[in-house]
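Report on the structure given below.
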Amino acid sequence: MVKLRLKRCGRKQRAFYRIVAIDVRSPREGKDLRKVGFYDPMKNQTYLNVPLILYFLEKGAQPTGTVQNLLKKAEVFNELSCNQMKFN
């Protein structure tokens with residue numbers, strides 16, 4: 001099973017996070033399938049590759065709680081429901 005979750009990067013006390021698609025059994029710093037964005041809590045900056053995120057969500061990837069909150073703020077789930085309506 002694939003999850004969308006945060007992968008910690010940066011130095012001590014200056015962490016930023018990559019949003020990655022990764023296998024559930026992998027550790028937090030393990031090998032990811034694909035990088036789909038990043039989140040910098042210090043600068044409150046987020047970059048999301050929305051088409052790639054939508055692709056993984058349509059294939060059944062489950063976002064973690066924090067990633068789900070970031071996606072809600074960026075209104076990615078609204079785009080997901082619009083894409084599903086187009087295909088039906």
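A note on labels: chains of the structure tokens are A, B, ... as shown, every chain counts residues from 1, and ligands are counted from 1 in their shown order.
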| What's the 8 Å shell around range 49-64 of chain A, counting only C-alpha atoms, without same-chain residues fewer than 4 positions away, as number ranges by chain? | A: 1-5, 21, 36-37, 68, 76, 80
Write the selection just made, keeping N, CA, C and O atoms, as a CSV table (one decimal), in the first residue's frame?
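This is the output file out-v4.csv:
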chain,number,residue,atom,x,y,z
A,1,MET,N,0.8,-1.2,0.0
A,1,MET,CA,0.0,0.0,0.0
A,1,MET,C,0.9,1.2,0.0
A,1,MET,O,1.9,1.3,0.7
A,2,VAL,N,0.5,2.3,-0.7
A,2,VAL,CA,1.2,3.5,-0.9
A,2,VAL,C,0.6,4.6,0.0
A,2,VAL,O,-0.6,4.7,0.1
A,3,LYS,N,1.4,5.4,0.7
A,3,LYS,CA,1.0,6.5,1.5
A,3,LYS,C,1.7,7.8,1.0
A,3,LYS,O,2.8,7.7,0.5
A,4,LEU,N,1.0,8.9,1.1
A,4,LEU,CA,1.6,10.2,0.9
A,4,LEU,C,1.9,10.7,2.3
A,4,LEU,O,1.1,10.9,3.2
A,5,ARG,N,3.2,10.9,2.6
A,5,ARG,CA,3.6,11.3,3.9
A,5,ARG,C,4.8,12.2,3.9
A,5,ARG,O,5.4,12.4,2.8
A,21,ALA,N,5.5,10.0,-2.0
A,21,ALA,CA,4.7,8.8,-2.1
A,21,ALA,C,5.7,7.7,-1.8
A,21,ALA,O,6.7,7.5,-2.4
A,36,VAL,N,6.5,14.5,-4.4
A,36,VAL,CA,5.3,15.2,-4.9
A,36,VAL,C,5.2,16.6,-4.4
A,36,VAL,O,4.2,17.3,-4.7
A,37,GLY,N,6.1,17.1,-3.5
A,37,GLY,CA,6.0,18.4,-3.0
A,37,GLY,C,6.9,18.6,-1.8
A,37,GLY,O,7.7,17.7,-1.5
A,68,GLN,N,-2.8,15.3,4.8
A,68,GLN,CA,-4.2,15.5,4.4
A,68,GLN,C,-4.6,16.9,4.8
A,68,GLN,O,-5.3,17.6,4.0
A,76,VAL,N,-6.9,20.5,-2.8
A,76,VAL,CA,-6.6,19.5,-3.7
A,76,VAL,C,-7.8,18.5,-3.8
A,76,VAL,O,-8.1,18.0,-4.9
A,80,LEU,N,-9.9,16.8,-7.0
A,80,LEU,CA,-10.0,15.4,-7.1
A,80,LEU,C,-11.5,15.0,-7.4
A,80,LEU,O,-11.8,14.2,-8.3
| request: Name the residues in contact with range 41-43 of chain A at a cut-off of 7 Å, using only C-alpha atoms, excluding same-chain residues fewer than 2 positions from it; report them as an NGL selection string. | output: :A and (16 or 39 or 45)
| said: Quick check for you: according to DSSP on this backbone, which residues of chain A are classed as alpha helix (DSSP H)? Reply as a PyMOL selection string. | reply: chain A and resi 50-58+65-73+76-87
Export of prior selection with C-alpha atoms as a tab-separated table (two decimals), in the first residue's frame:
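Result file follows (result-v1.tsv):
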chain	number	residue	atom	x	y	z
A	50	VAL	CA	-1.04	18.66	-7.90
A	51	PRO	CA	-1.31	16.45	-11.04
A	52	LEU	CA	1.06	13.91	-9.51
A	53	ILE	CA	-0.76	13.98	-6.16
A	54	LEU	CA	-4.10	13.47	-7.91
A	55	TYR	CA	-2.61	10.53	-9.82
A	56	PHE	CA	-1.52	8.80	-6.60
A	57	LEU	CA	-4.83	9.53	-4.85
A	58	GLU	CA	-6.79	8.08	-7.79
A	65	GLY	CA	-3.06	13.20	8.81
A	66	THR	CA	-0.60	16.06	8.38
A	67	VAL	CA	-0.41	15.66	4.61
A	68	GLN	CA	-4.19	15.49	4.45
A	69	ASN	CA	-4.41	18.85	6.29
A	70	LEU	CA	-1.93	20.40	3.84
A	71	LEU	CA	-3.92	19.07	0.88
A	72	LYS	CA	-7.16	20.44	2.35
A	73	LYS	CA	-5.59	23.90	2.71
A	76	VAL	CA	-6.60	19.47	-3.74
A	77	PHE	CA	-9.58	17.34	-2.74
A	78	ASN	CA	-11.93	19.72	-4.58
A	79	GLU	CA	-9.91	19.11	-7.75
A	80	LEU	CA	-10.03	15.36	-7.12
A	81	SER	CA	-13.83	15.35	-6.90
A	82	CYS	CA	-14.07	17.49	-10.08
A	83	ASN	CA	-11.81	15.05	-11.95
A	84	GLN	CA	-13.92	12.09	-10.83
A	85	MET	CA	-17.11	13.82	-11.99
A	86	LYS	CA	-15.58	14.35	-15.45
A	87	PHE	CA	-14.82	10.65	-15.83
| In Å, with one decimal, what is the gap from CA of Gly10 in chain A to CA of Arg28 in chain A? |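 Going from CA of Gly10 in chain A over to CA of Arg28 in chain A, I get 14.0 Å.
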| task | Would you please work out which residue, of A:Asp40, A:Glu75, A:Asp32, A:Leu48, is nearest to Arg14 in chain A when using only C-alpha atoms? | result |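 Looking only at the distances to Arg14 in chain A, the closest residue turns out to be A:Asp40.
For the pair CA of Arg11 in chain A and CA of Gly30 in chain A, the interatomic distance is 17.3 Å.
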| Point-to-point distance from CA of Lys12 in chain A to CA of Pro27 in chain A, Å rounded to tenths |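 Atom-to-atom, CA of Lys12 in chain A to CA of Pro27 in chain A, that is 19.1 Å.
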